[in-house]
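A.B. asks: Have a look at this one before I ask anything.
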Amino acid sequence: MLKKALLALPVAMALGATAHAEKPPEEVLQGLIDAIDSTYLTQSEMNIMMMPDNPALWVGMDGEDLFHTPRGPNNVSMEACDFGKGPGVLEGAYVEMPRYFEDTGKVMDLETRIVHCMTEVQGFDPDDPAVTRRHGSGSDHMKIQTYIAMQSNGMEWNNPLEHPLEQAMRDAGEVLFARRAGMSDFNCYACHGETGKRVRASQLPAVDVPEEWTKAISWPAHRVGHDNVRSSQHRVRGCYYQMRQPGMLAGSDASIALISYWTDLARGQPAVLPDMKR
Amino acid sequence: MFKKTPMAAGVAAFATLLFAGGSAVADTGNGYAVDYTAMTPHELAEYLIFEANDGGGFNLSQEMQEGGTARDRMQQDELQIACSLIDNADPDPETAAAIREAAGESIVYPEGGIQLGDWERGRELAWSGFGYRVGHNYDDHDARPVGGTCYNCHQMATDRTGGNVGPNLTGYGKTRGTSEAVLKYAYDMIYNPHVYFPCTHMPRFGASGFLDDESIADIMAYMFDPESPVNE
């Protein structure tokens, strides 16, 4: 334990220069735990204890290097990319996604925006592994996503709904959330409709408890059971898999609609980034 | 009533109607092939599933264990439509009554009456979460029997940890006995629970074909057999 804590110290210091670090993620989480009585938030003492040594912090550090290094056929860094607050501006960008981007005329989540940056700004081929490999702590995507998301740690979810397309996608996401289909007739409420529920030993977050929901959507998070940092898109895919519904395509408009809605449900609650999950 | 409806066909026609006619992002601010803001949320949701992203937002061409493709599986039947209520709301009383009636009509009883099968096989089926999952890690039904996923939501015997989304079933047979009425109720709940709880989140394990007659009988034996650990 001591060894791990010592290892984590330089990480925290190194990231302190760039991360939004008024409160580290473990303190943001503690604030939620103090605010309500929730079996979901407190289900893993071990994870809470390990938060200062979250392996996602290292993944985020790798992402910092990738983000600021000129890459791709155009040899430019991602500092030239706009994540909603102007080129290279990352502080608070992620908690305001998905959002409408004028240059594409589309509502995009973090992952699809990174794809856009890689292909349109850095010039990567859409089939390049840097673009196509979306999962795993070793992927460029998870490193970059984690780095960008960490610049919103502790900030309130606030995805804009001013543009008619943002509102349309959020509203379609609400329908998708409630939409039953497939062999089990499940929708998202089957697991997330009520607080205090478990599937087997796993405590589930409820949509109508914002303090639970903000942790639920705080991705990237290190999933201890997977021993990998995972994304929002990965979570959505896993939910549809368990619901016995078809595989959702990464970055599809359906996935962005759903993520728009679930972010709206956490509005005003602080993001825990990066998080640790079971 | 409560059959599959050709919803996607209607959406496709609707989308064609709305096709933006090649207008550029710069002109309209809309980077999509059709104008999403001109649709109702329900129309847009259907469009995003079945049409957007060049053929749908899901891997719709994948073949399903029950036959057909993922596109078929994503089609809603009437019960699924009636129970897809925003904010997890309850159906209105009239709809609830119609759902209960249709559910009752869907239930098929085994020839010779409801039987209890092999509780030991039922124990494994009640525990198993295998079956009908598709996408990136497809369940091959030739490799293993389809499980009942009971423990996902129910505590049964206490030697394994069950969920609490549904009621605790520990000691089910011991406390209720095995009268005809009790067995019928349990069978109905597994086959199509909407007959008693319209818009319940529990799957229709019989009506959907998720479990076959033998597996239902085995799981019921696990619930009712005096030797079963459920009734210790």
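Each chain in the structure tokens gets a letter, A, B, ..., in the order shown, and its residues are numbered from 1; ligands are numbered from 1 in order too.
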Excluding A:Glu96 and residues on its chain fewer than 3 positions from it, collect all residues at most 7 Å away from it, counting only C-alpha atoms, and give them as a short mmCIF file (atom, residue, chain, number, x, y, z; two decimals) with all heavy atoms, in the first residue's frame.
C.D. replies:
data_model
loop_
_atom_site.label_atom_id
_atom_site.label_comp_id
_atom_site.auth_asym_id
_atom_site.auth_seq_id
_atom_site.Cartn_x
_atom_site.Cartn_y
_atom_site.Cartn_z
N GLY A 92 -13.02 21.91 -18.71
CA GLY A 92 -14.48 21.95 -18.74
C GLY A 92 -15.11 21.56 -20.06
O GLY A 92 -16.33 21.64 -20.21
N ALA A 93 -14.30 21.13 -21.03
CA ALA A 93 -14.87 20.78 -22.34
C ALA A 93 -15.73 19.52 -22.26
O ALA A 93 -16.83 19.45 -22.82
CB ALA A 93 -13.76 20.60 -23.37
N ARG A 99 -22.16 17.77 -27.69
CA ARG A 99 -22.62 19.09 -28.11
C ARG A 99 -22.60 19.19 -29.63
O ARG A 99 -22.00 18.38 -30.31
CB ARG A 99 -21.76 20.18 -27.48
CG ARG A 99 -20.39 20.31 -28.11
CD ARG A 99 -19.54 21.34 -27.38
NE ARG A 99 -20.21 22.63 -27.32
CZ ARG A 99 -20.07 23.50 -26.31
NH1 ARG A 99 -19.31 23.21 -25.28
NH2 ARG A 99 -20.68 24.65 -26.35
N TRP A 157 -21.75 18.51 -14.79
CA TRP A 157 -22.24 18.11 -16.12
C TRP A 157 -23.20 19.19 -16.63
O TRP A 157 -24.09 19.62 -15.90
CB TRP A 157 -22.98 16.78 -16.07
CG TRP A 157 -22.13 15.62 -15.66
CD1 TRP A 157 -22.13 14.99 -14.45
CD2 TRP A 157 -21.14 14.94 -16.46
NE1 TRP A 157 -21.21 13.97 -14.44
CE2 TRP A 157 -20.59 13.91 -15.65
CE3 TRP A 157 -20.66 15.09 -17.76
CZ2 TRP A 157 -19.60 13.04 -16.11
CZ3 TRP A 157 -19.67 14.23 -18.22
CH2 TRP A 157 -19.15 13.23 -17.41
N ASN A 158 -23.01 19.61 -17.85
CA ASN A 158 -23.82 20.70 -18.38
C ASN A 158 -23.80 20.68 -19.91
O ASN A 158 -23.37 21.64 -20.56
CB ASN A 158 -23.25 22.03 -17.83
CG ASN A 158 -24.16 23.20 -18.14
OD1 ASN A 158 -25.39 23.02 -18.28
ND2 ASN A 158 -23.58 24.38 -18.27
N ASN A 159 -24.24 19.55 -20.49
CA ASN A 159 -24.23 19.48 -21.95
C ASN A 159 -25.27 20.45 -22.52
O ASN A 159 -26.41 20.47 -22.08
CB ASN A 159 -24.48 18.04 -22.45
CG ASN A 159 -25.75 17.41 -21.92
OD1 ASN A 159 -26.09 17.62 -20.76
ND2 ASN A 159 -26.46 16.67 -22.76
N PRO A 160 -24.86 21.31 -23.46
CA PRO A 160 -25.77 22.36 -23.94
C PRO A 160 -26.94 21.77 -24.72
O PRO A 160 -26.81 20.75 -25.40
CB PRO A 160 -24.87 23.20 -24.87
CG PRO A 160 -23.75 22.30 -25.25
CD PRO A 160 -23.55 21.35 -24.12
#
A.B. asks: Do you know which residues are at most 8 Å from stretch 105-120 of chain A counting only C-alpha atoms, after dropping those on the same chain fewer than 3 positions away, and could you put them as a ChimeraX atom specification?
C.D. replies: /A:72,78,81,83,94,97-102,123-126,131,141,145,165-166,169,233,251,256,259 /B:25,29-32
A.B. asks: I'd like a table as JSON lines: residues in chain A with an atom no more than 8 Å from chain B, each row giving the shortest atom pair and its distance in Å to one decimal, only C-alpha atoms counted, sorted by chain and rising residue number.
C.D. replies:
{"residue": "A:Glu102", "atom": "CA", "partner": "B:Gly29", "partner_atom": "CA", "distance": 6.7}
{"residue": "A:Asp103", "atom": "CA", "partner": "B:Val25", "partner_atom": "CA", "distance": 7.9}
{"residue": "A:Thr104", "atom": "CA", "partner": "B:Gly31", "partner_atom": "CA", "distance": 5.7}
{"residue": "A:Gly105", "atom": "CA", "partner": "B:Gly31", "partner_atom": "CA", "distance": 4.0}
{"residue": "A:Lys106", "atom": "CA", "partner": "B:Gly31", "partner_atom": "CA", "distance": 5.3}
{"residue": "A:Pro164", "atom": "CA", "partner": "B:Thr37", "partner_atom": "CA", "distance": 6.3}
{"residue": "A:Leu165", "atom": "CA", "partner": "B:Thr37", "partner_atom": "CA", "distance": 6.0}
{"residue": "A:Ala168", "atom": "CA", "partner": "B:Thr37", "partner_atom": "CA", "distance": 5.7}
{"residue": "A:Met169", "atom": "CA", "partner": "B:Tyr36", "partner_atom": "CA", "distance": 7.9}
{"residue": "A:Asp171", "atom": "CA", "partner": "B:Pro41", "partner_atom": "CA", "distance": 5.4}
{"residue": "A:Ala172", "atom": "CA", "partner": "B:Pro41", "partner_atom": "CA", "distance": 4.5}
{"residue": "A:Gly173", "atom": "CA", "partner": "B:Ala45", "partner_atom": "CA", "distance": 7.1}
{"residue": "A:Glu174", "atom": "CA", "partner": "B:Ile86", "partner_atom": "CA", "distance": 7.1}
{"residue": "A:Val175", "atom": "CA", "partner": "B:His42", "partner_atom": "CA", "distance": 6.2}
{"residue": "A:Leu176", "atom": "CA", "partner": "B:Ala45", "partner_atom": "CA", "distance": 6.1}
{"residue": "A:Ala178", "atom": "CA", "partner": "B:Ser84", "partner_atom": "CA", "distance": 5.1}
{"residue": "A:Arg179", "atom": "CA", "partner": "B:Ser84", "partner_atom": "CA", "distance": 4.9}
{"residue": "A:Arg180", "atom": "CA", "partner": "B:Gln80", "partner_atom": "CA", "distance": 5.2}
{"residue": "A:Ala181", "atom": "CA", "partner": "B:Gln76", "partner_atom": "CA", "distance": 5.4}
{"residue": "A:Gly182", "atom": "CA", "partner": "B:Arg73", "partner_atom": "CA", "distance": 5.1}
{"residue": "A:Met183", "atom": "CA", "partner": "B:Ser208", "partner_atom": "CA", "distance": 6.3}
{"residue": "A:Ser184", "atom": "CA", "partner": "B:Pro203", "partner_atom": "CA", "distance": 4.7}
{"residue": "A:Asp185", "atom": "CA", "partner": "B:Pro203", "partner_atom": "CA", "distance": 5.8}
{"residue": "A:Phe186", "atom": "CA", "partner": "B:His201", "partner_atom": "CA", "distance": 6.6}
{"residue": "A:Asn187", "atom": "CA", "partner": "B:Ser84", "partner_atom": "CA", "distance": 7.5}
{"residue": "A:Tyr189", "atom": "CA", "partner": "B:Asn88", "partner_atom": "CA", "distance": 6.4}
{"residue": "A:Ala190", "atom": "CA", "partner": "B:His201", "partner_atom": "CA", "distance": 5.5}
{"residue": "A:Cys191", "atom": "CA", "partner": "B:Val165", "partner_atom": "CA", "distance": 7.5}
{"residue": "A:Gly193", "atom": "CA", "partner": "B:Asn88", "partner_atom": "CA", "distance": 6.7}
{"residue": "A:Lys197", "atom": "CA", "partner": "B:Val165", "partner_atom": "CA", "distance": 5.5}
{"residue": "A:Arg198", "atom": "CA", "partner": "B:Gly163", "partner_atom": "CA", "distance": 4.9}
{"residue": "A:Val199", "atom": "CA", "partner": "B:Gly163", "partner_atom": "CA", "distance": 4.4}
{"residue": "A:Arg200", "atom": "CA", "partner": "B:Gly163", "partner_atom": "CA", "distance": 3.8}
{"residue": "A:Ala201", "atom": "CA", "partner": "B:Gly163", "partner_atom": "CA", "distance": 6.3}
{"residue": "A:Ser202", "atom": "CA", "partner": "B:Gly163", "partner_atom": "CA", "distance": 7.8}
{"residue": "A:Tyr241", "atom": "CA", "partner": "B:Arg133", "partner_atom": "CA", "distance": 5.8}
{"residue": "A:Gln242", "atom": "CA", "partner": "B:Arg133", "partner_atom": "CA", "distance": 6.6}
{"residue": "A:Met243", "atom": "CA", "partner": "B:Arg133", "partner_atom": "CA", "distance": 7.7}
{"residue": "A:Arg244", "atom": "CA", "partner": "B:Arg133", "partner_atom": "CA", "distance": 4.8}
{"residue": "A:Gln245", "atom": "CA", "partner": "B:Met74", "partner_atom": "CA", "distance": 6.9}
{"residue": "A:Pro246", "atom": "CA", "partner": "B:Gly135", "partner_atom": "CA", "distance": 5.5}
{"residue": "A:Gly247", "atom": "CA", "partner": "B:Gly135", "partner_atom": "CA", "distance": 4.1}
{"residue": "A:Met248", "atom": "CA", "partner": "B:Phe58", "partner_atom": "CA", "distance": 4.2}
{"residue": "A:Leu249", "atom": "CA", "partner": "B:Phe58", "partner_atom": "CA", "distance": 5.0}
{"residue": "A:Ser252", "atom": "CA", "partner": "B:Gly57", "partner_atom": "CA", "distance": 5.0}
{"residue": "A:Asp253", "atom": "CA", "partner": "B:Leu48", "partner_atom": "CA", "distance": 6.1}
{"residue": "A:Ala254", "atom": "CA", "partner": "B:Leu48", "partner_atom": "CA", "distance": 5.1}
{"residue": "A:Ser255", "atom": "CA", "partner": "B:Gly57", "partner_atom": "CA", "distance": 7.4}
A.B. asks: Tell me which protein, DNA and RNA residues are within 10 Å of A:Glu91, counting only C-alpha atoms, leaving out same-chain ones fewer than 2 positions away, and put them as a list in words.
C.D. replies: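 Counting only C-alpha atoms, the residues come to Thr18, Ala19, His20, Phe83, Lys85, Gly88, Val89, Ala93, Tyr94, Val95, Ile148, Ala149, Met150, Gln151, Ser152, Asn153 and Met155 of chain A.
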A.B. asks: The selected residues should be written to file as a compact mmCIF listing (two decimals), in the first residue's frame (atoms: N, CA, C and O atoms).
C.D. replies:
# COMPACT_ATOMS: atom_id res chain seq x y z
N THR A 18 -1.64 20.37 -15.20
CA THR A 18 -2.58 20.54 -16.30
C THR A 18 -4.02 20.19 -15.92
O THR A 18 -4.94 20.76 -16.47
N ALA A 19 -4.19 19.27 -14.97
CA ALA A 19 -5.55 18.80 -14.69
C ALA A 19 -6.32 19.86 -13.91
O ALA A 19 -5.75 20.67 -13.20
N HIS A 20 -7.64 19.80 -14.06
CA HIS A 20 -8.50 20.63 -13.24
C HIS A 20 -8.53 19.98 -11.87
O HIS A 20 -9.15 18.96 -11.67
N PHE A 83 -12.69 21.12 -29.06
CA PHE A 83 -13.59 20.21 -28.34
C PHE A 83 -14.78 20.96 -27.75
O PHE A 83 -15.41 20.51 -26.81
N LYS A 85 -14.77 24.40 -26.88
CA LYS A 85 -14.47 25.67 -26.20
C LYS A 85 -13.32 26.39 -26.89
O LYS A 85 -12.65 27.22 -26.28
N GLY A 88 -7.78 23.52 -28.71
CA GLY A 88 -6.86 23.19 -27.62
C GLY A 88 -7.37 23.48 -26.22
O GLY A 88 -6.69 23.17 -25.25
N VAL A 89 -8.56 24.06 -26.09
CA VAL A 89 -9.09 24.37 -24.76
C VAL A 89 -9.81 23.15 -24.20
O VAL A 89 -10.82 22.71 -24.75
N ALA A 93 -14.30 21.13 -21.03
CA ALA A 93 -14.87 20.78 -22.34
C ALA A 93 -15.73 19.52 -22.26
O ALA A 93 -16.83 19.45 -22.82
N TYR A 94 -15.25 18.53 -21.54
CA TYR A 94 -15.92 17.22 -21.56
C TYR A 94 -17.29 17.24 -20.88
O TYR A 94 -18.22 16.59 -21.35
N VAL A 95 -17.43 17.99 -19.78
CA VAL A 95 -18.74 18.01 -19.10
C VAL A 95 -19.78 18.77 -19.93
O VAL A 95 -20.96 18.76 -19.58
N ILE A 148 -8.39 14.14 -21.70
CA ILE A 148 -9.32 15.25 -21.93
C ILE A 148 -10.38 15.29 -20.82
O ILE A 148 -10.69 16.36 -20.27
N ALA A 149 -10.90 14.14 -20.48
CA ALA A 149 -11.98 14.07 -19.48
C ALA A 149 -11.49 14.57 -18.12
O ALA A 149 -12.22 15.24 -17.38
N MET A 150 -10.23 14.27 -17.79
CA MET A 150 -9.69 14.69 -16.49
C MET A 150 -9.67 16.21 -16.32
O MET A 150 -9.67 16.71 -15.19
N GLN A 151 -9.70 16.93 -17.43
CA GLN A 151 -9.72 18.40 -17.34
C GLN A 151 -11.10 18.91 -16.96
O GLN A 151 -11.34 20.12 -16.91
N SER A 152 -12.04 17.98 -16.74
CA SER A 152 -13.38 18.36 -16.27
C SER A 152 -13.68 17.77 -14.90
O SER A 152 -14.83 17.84 -14.44
N ASN A 153 -12.67 17.20 -14.25
CA ASN A 153 -12.92 16.59 -12.95
C ASN A 153 -13.50 17.60 -11.96
O ASN A 153 -13.01 18.73 -11.86
N MET A 155 -16.15 19.25 -12.10
CA MET A 155 -17.03 20.25 -12.71
C MET A 155 -18.41 19.64 -12.97
O MET A 155 -18.55 18.43 -13.10
A.B. asks: Would you list the contacts of stretch 112-119 of chain B as a VMD selection string, taking every protein, DNA or RNA residue within 6 Å and counting only C-alpha atoms, but skipping same-chain residues closer than 5 positions in sequence?
C.D. replies: chain B and resid 217 to 218 220 to 222
A.B. asks: Could you write out that same residue set with C-alpha atoms as a PDB file, in the first residue's frame?
C.D. replies:
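Listing of out.pdb after writing:
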ATOM      1  CA  ALA B 217     -40.018 -27.520 -15.654  1.00  0.00           C
ATOM      2  CA  ASP B 218     -36.467 -27.878 -14.320  1.00  0.00           C
ATOM      3  CA  MET B 220     -39.762 -24.895 -11.319  1.00  0.00           C
ATOM      4  CA  ALA B 221     -38.398 -28.077  -9.735  1.00  0.00           C
ATOM      5  CA  TYR B 222     -35.570 -25.994  -8.318  1.00  0.00           C
TER       6      TYR B 222
END
A.B. asks: So that I can see what lies close to A:Asn75, please list as a list in words the residues with an atom at most 9 Å from it, counting only C-alpha atoms and leaving out residues fewer than 5 positions away in the same chain.
C.D. replies: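 Once the adjacent positions are removed, what remains is Thr69, Pro70, Gln122 and Gly123 of chain A.
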A.B. asks: At what distance in Å, to one decimal, does atom CA of A:Met46 lie from atom CA of A:Thr214?
C.D. replies: 19.8 Å
A.B. asks: Find the spatial neighbours of B:Val230, counting only C-alpha atoms, within a cut-off of 8 Å - ignore same-chain residues fewer than 5 positions away - and output them as a PyMOL selection string.
C.D. replies: chain B and resi 156-158+169-173+222-224
A.B. asks: With C-alpha atoms retained, could you export that selection as a PDB file, in the first residue's frame?
C.D. replies:
ATOM      1  CA  MET B 156     -33.022 -18.205  -4.464  1.00  0.00           C
ATOM      2  CA  ALA B 157     -30.966 -20.725  -2.468  1.00  0.00           C
ATOM      3  CA  THR B 158     -28.607 -18.861  -0.177  1.00  0.00           C
ATOM      4  CA  LEU B 169     -37.529 -16.518  -3.696  1.00  0.00           C
ATOM      5  CA  THR B 170     -35.699 -18.319  -0.886  1.00  0.00           C
ATOM      6  CA  GLY B 171     -37.864 -21.122   0.513  1.00  0.00           C
ATOM      7  CA  TYR B 172     -40.396 -20.634  -2.280  1.00  0.00           C
ATOM      8  CA  GLY B 173     -41.881 -24.139  -2.346  1.00  0.00           C
ATOM      9  CA  TYR B 222     -35.570 -25.994  -8.318  1.00  0.00           C
ATOM     10  CA  MET B 223     -38.201 -23.685  -6.791  1.00  0.00           C
ATOM     11  CA  PHE B 224     -40.520 -26.417  -5.460  1.00  0.00           C
TER      12      PHE B 224
END
A.B. asks: Considering only alpha helix (DSSP H) as DSSP defines it on the backbone, what residues of stretch 87-200 of chain B qualify? List them as a ChimeraX atom specification.
C.D. replies: /B:93-106,119-127,150-153,172-176,180-191
A.B. asks: Report, in Å to a single decimal, how far apart atom CA of A:His226 and atom CA of A:Trp213 are.
C.D. replies: 21.1 Å
A.B. asks: As an exercise, work out the distance from atom CA of A:Pro205 to atom CA of A:Ser38 in Å and give it to one decimal place.
C.D. replies: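 Result for atom CA of A:Pro205 versus atom CA of A:Ser38: 9.0 Å, one decimal.
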A.B. asks: Which residues are close to A:Ile36, i.e. within 9 Å by only C-alpha atoms, leaving aside same-chain residues fewer than 4 positions away? Reply as a PyMOL selection string.
C.D. replies: chain A and resi 32+211-212
A.B. asks: Create the file for the chosen residues now, containing N, CA and C atoms and written as a PDB file, in the first residue's frame.
C.D. replies:
ATOM      1  N   LEU A  32     -20.112  13.298  -2.824  1.00  0.00           N
ATOM      2  CA  LEU A  32     -21.373  12.629  -3.196  1.00  0.00           C
ATOM      3  C   LEU A  32     -21.800  11.659  -2.101  1.00  0.00           C
ATOM      4  N   GLU A 211     -26.906  12.072  -7.622  1.00  0.00           N
ATOM      5  CA  GLU A 211     -25.580  11.824  -7.036  1.00  0.00           C
ATOM      6  C   GLU A 211     -25.067  10.444  -7.427  1.00  0.00           C
ATOM      7  N   GLU A 212     -25.973   9.488  -7.616  1.00  0.00           N
ATOM      8  CA  GLU A 212     -25.550   8.171  -8.119  1.00  0.00           C
ATOM      9  C   GLU A 212     -25.264   8.259  -9.618  1.00  0.00           C
TER      10      GLU A 212
END
